[in-house]
Amino acid sequence: MFKSRFLKLVGAVTLINILARLLGFAREVIIGYQYGTTYKADSIITAFTIPNFIYLVIGGAVTTAFISIYTKLSGETKERFVQALFTRLALIIGLITLTFMIFPKFWVNLFFSGMDPQALDLTSKMFLWTAPATFFLALSIVLSGLHNVFENYRLSTFSTFLFNLVYLVIGAGLTPWLMTYSYALGASVGAIVMVLFLMHYTYHQKLMSLRPAFHKMPETGRFLKLVIPLIFGGASIQFYLIIQRIYAAGLDGGAIASLNYASKMTQFPQAVLMASVTTIVYPMLAKAAGEGDTVKLESAYRKGFKMLSLILLPASLFLMFFAKEIISFIFQYGSFSSDSTNATYPLLQLFALTVLALALNTYITRFFYALENTVLPIILSIISIFGINIFVIKVFLDSLGAEAIAWGTIISTIVNTLLLLLFARTKLSLAPCSWSFFSKLVIFTAVTAVVLWALSLVQVGSFIVLVLGGIATAAFVGGGLKFIR
């Protein structure tokens, strides 16, 4: 019964996540159609980088810490805790948002000073429009976490769908009148709609009081001790993205856009799966950890590893072997020329090597967090992201350009994954799989790679080849999940 309910929840949340991601992806495609890999595309992408970075980094940390603590409280203490947390977060992020709006050029110069003057000026002006999104996206963090605790997974996931829908409609729809600024306005309005939606259902279901309150509670201190390290260790993808854009800002115009299009293609499969699984699994993990149920923890760990490997390895190989066909089919319209495709698809081939590693990093880290063991994964992330990653980029940036940024991500994510697997085994006594499964996985990956590579060489038109590759990939995923034990 548990398995049936779990699969139904995963299926529903996955469907909504896919739709939400498709809307976000459609936005990127339309930006590519309208502005290609020009400085205007760079500015649109960069202007939302800081608000989105804060939302995803702080959001992941706050949600993780909130669920870990909230599930262990009882009675009135729960409501007092969430009310105090919501008030404090609104105050802190509100002040940060004001500094963004008062000094937009300062913040853009601080992070992206390498951009050419024209792009830098446009980005600074657009950042003023996107800055309010920071505040409203932050408010949605606590509300979404609260709904997830009460198993309103579909509702919290739908709020993300709603945000992406409004962002897309305003961004694309108002372009004839507002030009690039339409996307900045869309981000802020979408964030407001998202918060109002979550607040409505929070009030309707009486999950918490929305009145400001500054309750003094020991749980808030415990929350801070947990959330601060999570901010630095729980959002590796977002740190990678902002580092990529910081270094790409000093390259030729369009480098930020090319890196963005390529990385978004690789994020899509792992993000949909990870968002769906962790949204439902993490509250269960936190509860199992609180009850000391090691059997359930180990079972979830192995099942998650198996699912991620059998789905994402074929997806990675598909992205690698069909990169040029994918980019040209999805993006090569309007202002996105064949030159834009040639600048983007080699980056997609490289980023494809990070898909499984990034997903496993997020997944394994969740087990450390569920057990409130945050220090070790944070140290590993800092070493990988700010050590290995930046070192590789700096060494090869002059000779390889944007590809050096991709190689930095590849090498550092794989090292981080291997270290997390090692320490999860030694510190948490969690083994990802048996040697029998691992050997089957190696053979499965090799066979998949050979078949997809052979299909990519077939000369029957790029679209038909792409369809054949997609069908073969889906067949390998389905077959792997069904027959490999």
# chains A, B, ... in the order shown; residues from 1 in each chain; ligands from 1
>>> select_by_dssp(residues="range 111-236 of chain A", states="helix (DSSP H, G or I)", output="MDAnalysis selection string")
chainID A and resid 111:112 117:149 153:173 175:178 181:204 218:233 236
>>> closest_atom_pairs(of="range 281-366 of chain A", to="range 439-451 of chain A", cutoff="9 Å", atoms="only C-alpha atoms", output="tab-separated table")
residue	atom	partner	partner_atom	distance
A:Ser309	CA	A:Leu441	CA	8.0
A:Leu310	CA	A:Leu441	CA	7.7
A:Leu313	CA	A:Thr445	CA	6.8
A:Pro314	CA	A:Thr448	CA	6.6
A:Leu317	CA	A:Ala449	CA	6.2
A:Phe318	CA	A:Ala449	CA	8.4
A:Phe321	CA	A:Ala449	CA	8.6
>>> write_last_selection(atoms="N, CA and C atoms", output="PDB file, in the first residue's frame")
ATOM      1  N   SER A 309      20.347   6.051 -11.586  1.00  0.00           N
ATOM      2  CA  SER A 309      21.346   5.500 -12.508  1.00  0.00           C
ATOM      3  C   SER A 309      20.714   4.989 -13.794  1.00  0.00           C
ATOM      4  N   LEU A 310      19.643   4.225 -13.664  1.00  0.00           N
ATOM      5  CA  LEU A 310      19.029   3.597 -14.834  1.00  0.00           C
ATOM      6  C   LEU A 310      18.277   4.587 -15.718  1.00  0.00           C
ATOM      7  N   LEU A 313      21.672   7.694 -16.819  1.00  0.00           N
ATOM      8  CA  LEU A 313      22.783   7.274 -17.675  1.00  0.00           C
ATOM      9  C   LEU A 313      22.377   7.232 -19.156  1.00  0.00           C
ATOM     10  N   PRO A 314      21.254   6.601 -19.503  1.00  0.00           N
ATOM     11  CA  PRO A 314      20.825   6.658 -20.911  1.00  0.00           C
ATOM     12  C   PRO A 314      20.526   8.087 -21.373  1.00  0.00           C
ATOM     13  N   LEU A 317      23.799   9.835 -22.190  1.00  0.00           N
ATOM     14  CA  LEU A 317      24.367   9.352 -23.456  1.00  0.00           C
ATOM     15  C   LEU A 317      23.583   9.899 -24.648  1.00  0.00           C
ATOM     16  N   PHE A 318      22.282   9.999 -24.504  1.00  0.00           N
ATOM     17  CA  PHE A 318      21.454  10.575 -25.565  1.00  0.00           C
ATOM     18  C   PHE A 318      21.840  12.030 -25.817  1.00  0.00           C
ATOM     19  N   PHE A 321      25.470  12.088 -27.601  1.00  0.00           N
ATOM     20  CA  PHE A 321      25.588  11.641 -28.992  1.00  0.00           C
ATOM     21  C   PHE A 321      24.697  12.422 -29.961  1.00  0.00           C
TER      22      PHE A 321
END
>>> closest_atom_pairs(of="range 331-395 of chain A", to="range 24-45 of chain A", cutoff="6 Å", atoms="only C-alpha atoms", output="CSV")
residue,atom,partner,partner_atom,distance
A:Phe331,CA,A:Val29,CA,5.7
A:Tyr333,CA,A:Tyr33,CA,5.4
A:Gly334,CA,A:Tyr33,CA,4.7
A:Ser335,CA,A:Gly36,CA,4.7
A:Phe336,CA,A:Gly36,CA,4.0
>>> atom_distance(atom1="CA of Ala61 in chain A", atom2="CA of Thr87 in chain A")
16.9 Å
>>> atom_distance(atom1="CA of Leu185 in chain A", atom2="CA of Lys125 in chain A")
11.7 Å
>>> closest_residue(among="A:Leu420, A:Ala20, A:Ile256, A:Ala65", to="Gly401 in chain A", atoms="only C-alpha atoms")
A:Ile256
>>> atom_distance(atom1="CA of Leu143 in chain A", atom2="CA of Arg88 in chain A")
13.6 Å
>>> closest_residue(among="A:Phe463, A:Trp453, A:Trp435, A:Phe268", to="Ala359 in chain A", atoms="only C-alpha atoms")
A:Phe268
>>> closest_residue(among="A:Ile311, A:Asn342, A:Glu76, A:Val392", to="Ala474 in chain A", atoms="only C-alpha atoms")
A:Ile311
>>> residues_around(residues="Ala424 in chain A", least_positions_apart="6", cutoff="10 Å", atoms="only C-alpha atoms", output="list in words")
Ile364, Thr365, Phe367, Phe368, Leu376, Pro377, Leu418, Leu430, Ala431 and Pro432 of chain A
>>> residues_around(residues="Ala172 in chain A", least_positions_apart="3", cutoff="10 Å", atoms="only C-alpha atoms", output="VMD selection string")
chain A and resid 26 to 27 30 to 31 34 166 to 169 175 to 176 178 to 180 182 to 183 186
>>> closest_residue(among="A:Ala454, A:Ser258, A:Gly461, A:Trp177", to="Ser337 in chain A", atoms="only C-alpha atoms")
A:Ser258
>>> residues_around(residues="Gln238 in chain A", least_positions_apart="6", cutoff="10 Å", atoms="only C-alpha atoms", output="list in words")
Thr49, Asn52, Phe53, Ile54, Tyr55, Leu56, Val57 and Gln244 of chain A
>>> closest_residue(among="A:Cys433, A:Leu91, A:Leu455, A:Ser412", to="Leu380 in chain A", atoms="only C-alpha atoms")
A:Ser412
>>> residues_around(residues="range 384-390 of chain A", least_positions_apart="2", cutoff="6 Å", atoms="only C-alpha atoms", output="ChimeraX atom specification")
/A:381-382,392-393,408-409,412,416
>>> write_last_selection(atoms="N, CA and C atoms", output="compact mmCIF listing (two decimals), in the first residue's frame")
# COMPACT_ATOMS: atom_id res chain seq x y z
N SER A 381 31.60 19.79 -0.79
CA SER A 381 31.10 20.71 -1.81
C SER A 381 32.02 21.90 -1.99
N ILE A 382 32.49 22.46 -0.88
CA ILE A 382 33.39 23.61 -0.95
C ILE A 382 34.67 23.25 -1.69
N VAL A 392 40.33 24.33 -12.30
CA VAL A 392 40.29 23.85 -13.69
C VAL A 392 39.93 24.98 -14.65
N ILE A 393 38.96 25.78 -14.27
CA ILE A 393 38.54 26.89 -15.14
C ILE A 393 39.69 27.86 -15.37
N GLY A 408 35.48 22.24 -15.84
CA GLY A 408 35.55 22.47 -14.40
C GLY A 408 34.38 21.83 -13.68
N THR A 409 33.20 21.98 -14.27
CA THR A 409 32.00 21.36 -13.69
C THR A 409 32.08 19.84 -13.73
N SER A 412 34.88 18.40 -11.18
CA SER A 412 34.56 18.63 -9.77
C SER A 412 33.32 17.88 -9.31
N ASN A 416 33.25 14.98 -6.43
CA ASN A 416 32.35 15.16 -5.29
C ASN A 416 31.45 13.95 -5.09
>>> closest_residue(among="A:Thr362, A:Ala248, A:Trp107, A:Val62", to="Lys394 in chain A", atoms="only C-alpha atoms")
A:Ala248
